[in-house]
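S.K.: Supplied structure: structure20.csv, CSV, C-alpha atoms and all ligand atoms.
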chain,number,residue,atom,x,y,z
Y,1,MET,CA,81.8,45.9,-33.1
Y,2,SER,CA,78.7,48.0,-32.6
Y,3,SER,CA,75.6,46.8,-30.8
Y,4,SER,CA,73.8,46.5,-34.2
Y,5,GLY,CA,76.5,44.1,-35.2
Y,6,ASP,CA,75.7,42.0,-32.2
Y,7,ILE,CA,72.1,41.9,-33.2
Y,8,GLY,CA,73.0,40.9,-36.7
Y,9,PHE,CA,75.3,38.1,-35.5
Y,10,ASP,CA,72.6,36.9,-33.1
Y,11,ARG,CA,70.1,36.7,-36.0
Y,12,PHE,CA,72.7,34.8,-38.1
Y,13,TRP,CA,73.5,32.5,-35.2
Y,14,VAL,CA,69.8,31.7,-34.4
Y,15,ALA,CA,69.1,31.1,-38.1
Y,16,TYR,CA,72.1,28.9,-38.7
Y,17,PRO,CA,71.3,25.1,-38.5
Y,18,ARG,CA,74.8,24.1,-37.3
Y,19,ARG,CA,75.6,26.1,-34.2
Y,20,GLN,CA,79.2,25.1,-33.5
Y,21,ALA,CA,82.5,26.9,-32.9
Y,22,LYS,CA,80.8,30.2,-32.1
Y,23,ARG,CA,84.0,32.0,-31.2
Y,24,GLU,CA,85.4,31.3,-34.7
Y,25,ALA,CA,82.0,32.4,-36.2
Y,26,TRP,CA,82.1,35.6,-34.2
Y,27,LYS,CA,85.7,36.3,-35.4
Y,28,ALA,CA,84.7,35.8,-39.0
Y,29,TRP,CA,81.7,38.0,-38.5
Y,30,CYS,CA,83.8,40.8,-37.0
Y,31,ALA,CA,86.3,40.5,-40.0
Y,32,LEU,CA,83.3,40.8,-42.4
Y,33,LYS,CA,81.7,43.8,-40.7
Y,34,PRO,CA,78.5,43.2,-42.6
Y,35,SER,CA,76.3,46.2,-43.4
Y,36,PRO,CA,72.6,45.9,-42.5
Y,37,ASP,CA,71.9,45.0,-46.1
Y,38,LEU,CA,74.5,42.2,-46.1
Y,39,VAL,CA,73.1,40.9,-42.7
Y,40,GLU,CA,69.7,40.6,-44.5
Y,41,THR,CA,71.3,38.8,-47.5
Y,42,ILE,CA,73.1,36.4,-45.2
Y,43,VAL,CA,70.1,35.5,-43.0
Y,44,ARG,CA,67.9,35.1,-46.1
Y,45,SER,CA,70.6,32.9,-47.7
Y,46,VAL,CA,70.8,30.7,-44.6
Y,47,ASP,CA,67.0,30.3,-44.7
Y,48,ALA,CA,67.2,29.3,-48.4
Y,49,HIS,CA,70.1,26.9,-47.9
Y,50,ARG,CA,68.4,25.1,-45.0
Y,51,ALA,CA,66.3,22.9,-47.4
Y,52,GLN,CA,69.4,21.6,-49.1
Y,53,TRP,CA,71.2,21.1,-45.8
Y,54,ASP,CA,69.0,18.1,-44.8
Y,55,ASP,CA,72.2,16.1,-44.1
Y,56,PRO,CA,74.1,17.7,-41.3
Y,57,ARG,CA,77.4,16.4,-42.7
Y,58,PHE,CA,77.0,18.9,-45.6
Y,59,ILE,CA,76.4,22.0,-43.4
Y,60,PRO,CA,79.6,24.1,-43.3
Y,61,LEU,CA,80.7,25.4,-39.9
Y,62,PRO,CA,79.3,28.9,-39.4
Y,63,ALA,CA,82.8,30.5,-39.7
Y,64,THR,CA,83.4,28.6,-42.9
Y,65,PHE,CA,80.1,29.8,-44.3
Y,66,LEU,CA,81.0,33.4,-43.5
Y,67,ARG,CA,84.7,33.3,-44.6
Y,68,GLY,CA,83.9,31.6,-47.8
Y,69,GLU,CA,81.0,34.0,-48.6
Y,70,ARG,CA,78.9,31.0,-49.0
Y,71,TRP,CA,75.7,33.1,-49.1
Y,72,LEU,CA,76.6,33.5,-52.8
Y,73,ASP,CA,76.4,29.8,-53.4
Y,74,GLU,CA,73.8,28.5,-55.7
Y,75,ILE,CA,70.8,27.0,-54.0
Y,76,VAL,CA,70.1,23.5,-55.1
Y,77,THR,CA,66.5,22.5,-54.6
Y,78,TYR,CA,65.6,18.9,-53.7
Y,79,ALA,CA,64.0,18.4,-57.1
Y,80,GLU,CA,67.3,19.4,-58.8
Y,81,ARG,CA,69.5,17.2,-56.6
Y,82,VAL,CA,69.0,14.1,-58.9
Y,83,ALA,CA,72.2,12.1,-59.5
Y,84,ILE,CA,74.2,13.3,-62.4
Y,85,THR,CA,74.3,10.7,-65.2
Y,86,ARG,CA,77.5,9.4,-66.6
Y,87,GLU,CA,76.7,11.2,-70.0
Y,88,GLU,CA,76.1,14.5,-68.2
Y,89,ARG,CA,79.3,14.2,-66.2
Y,90,GLU,CA,81.4,13.4,-69.3
Y,91,ARG,CA,79.8,16.3,-71.2
Y,92,ALA,CA,80.4,18.7,-68.3
Y,93,VAL,CA,84.0,17.6,-67.8
Y,94,GLN,CA,84.6,18.3,-71.5
Y,95,VAL,CA,83.0,21.8,-71.2
Y,96,TYR,CA,85.1,22.4,-68.0
Y,97,ARG,CA,88.3,21.4,-69.6
Y,98,SER,CA,87.8,23.2,-73.0
Y,99,ALA,CA,86.9,26.4,-71.0
Y,100,GLY,CA,90.2,26.0,-69.1
Y,101,GLY,CA,88.3,25.7,-65.8
Y,102,CYS,CA,85.3,27.4,-64.1
Y,103,ARG,CA,83.8,30.3,-65.9
Y,104,HIS,CA,81.0,31.0,-63.3
Y,105,GLN,CA,80.5,34.1,-61.3
Y,106,PRO,CA,81.0,33.6,-58.4
Y,107,ALA,CA,83.5,30.9,-59.2
Y,108,CYS,CA,82.9,27.4,-58.0
Y,109,HIS,CA,85.0,26.0,-55.2
Y,110,SER,CA,85.9,22.8,-56.9
Y,111,MET,CA,85.6,21.0,-60.2
Y,112,ALA,CA,82.9,18.7,-58.8
Y,113,GLU,CA,80.8,21.7,-57.8
Y,114,CYS,CA,81.4,23.3,-61.2
Y,115,ILE,CA,80.1,20.1,-62.9
Y,116,GLY,CA,77.0,20.2,-60.8
Y,117,VAL,CA,76.4,23.8,-61.7
Y,118,LEU,CA,76.8,23.1,-65.4
Y,119,VAL,CA,74.5,20.1,-65.4
Y,120,ARG,CA,71.8,21.8,-63.3
Y,121,GLY,CA,72.0,24.7,-65.8
Y,122,TRP,CA,71.4,22.4,-68.7
Y,123,ARG,CA,68.5,20.7,-66.9
Y,124,ARG,CA,66.9,24.1,-66.2
Y,125,ALA,CA,67.3,25.1,-69.9
Y,126,GLU,CA,65.7,21.8,-70.9
Y,127,ARG,CA,62.7,22.5,-68.7
Y,128,GLY,CA,62.5,26.0,-70.3
Y,129,GLU,CA,63.4,27.9,-67.2
Q,1,ZN,ZN,81.9,26.7,-62.1
As structure tokens, how would this structure be written, given the file I've shared?
Ligand SMILES: [Zn+2]

M.R.:
Amino acid sequence: MSSSGDIGFDRFWVAYPRRQAKREAWKAWCALKPSPDLVETIVRSVDAHRAQWDDPRFIPLPATFLRGERWLDEIVTYAERVAITREERERAVQVYRSAGGCRHQPACHSMAECIGVLVRGWRRAERGE
């Protein structure tokens, strides 16, 4: 790992709101060997995610974030994080099943996540976004 990699990791580590299991995070970082562009993307994503990580229980470990390429995850703003209604859930489950699973790029990590992505997409469309 070059010295520039160390600087990139330090930036990630300082930005990340859950600084635990640093050795594992460093291993994941070395396996990833992020380019300078990717370091920028990751650090910006951590900054963007921080608002939705107001509950520490939902912050992935840094190594999990890196290994799962979680910087690709959709950012859910506070305003969007309104509970999904029963009707929305039923409609989303139908869409999910009839599509034979997740059709998103990047793919959702779970059916629950996929339903959230579907419902938030509908809400944005309804707001004309
Ligand atoms: Zn999905």

S.K.: Could you list, as a list of chain:residue names, all the residues within 8 Å of ligand ZN 1 (chain Q), counting only C-alpha atoms and all ligand atoms?

M.R.: Y:Tyr96, Y:Gly101, Y:Cys102, Y:Arg103, Y:His104, Y:Gln105, Y:Pro106, Y:Ala107, Y:Cys108, Y:His109, Y:Ser110, Y:Met111, Y:Glu113, Y:Cys114, Y:Ile115, Y:Val117, Y:Leu118

S.K.: Considering all atoms listed in the file, return as a VMD selection string whatever protein or nucleic-acid residues lie within 10 Å of Trp26 in chain Y, sequence-local ones (same chain, fewer than 2 positions apart) excluded.

M.R.: chain Y and resid 6 9 to 10 13 21 to 24 28 to 32 62 to 63 66

S.K.: Name the residues in contact with Ile7 in chain Y at a cut-off of 12 Å, using all atoms listed in the file, excluding same-chain residues fewer than 4 positions from it; report them as an NGL selection string.

M.R.: :Y and (1-3 or 11-14 or 26 or 29 or 34-36 or 39-40 or 43)

S.K.: Which one is closest to Phe65 in chain Y: Y:Val46, Y:Ala125, Y:Leu38, Y:Ala83? Count only C-alpha atoms.

M.R.: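 Closest to Phe65 in chain Y of all the choices is Y:Val46.
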
S.K.: Determine the nearest neighbour of Val76 in chain Y from the options Y:Arg97, Y:Lys27, Y:Arg120, Y:Arg91, counting all atoms listed in the file.

M.R.: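 Looking at the shortest contact to Val76 in chain Y, the residue is Y:Arg120.
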
S.K.: Mind pulling up the distance from CA of Trp71 in chain Y to CA of His49 in chain Y?

M.R.: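 Separation of CA of His49 in chain Y and CA of Trp71 in chain Y: 8.4 Å.
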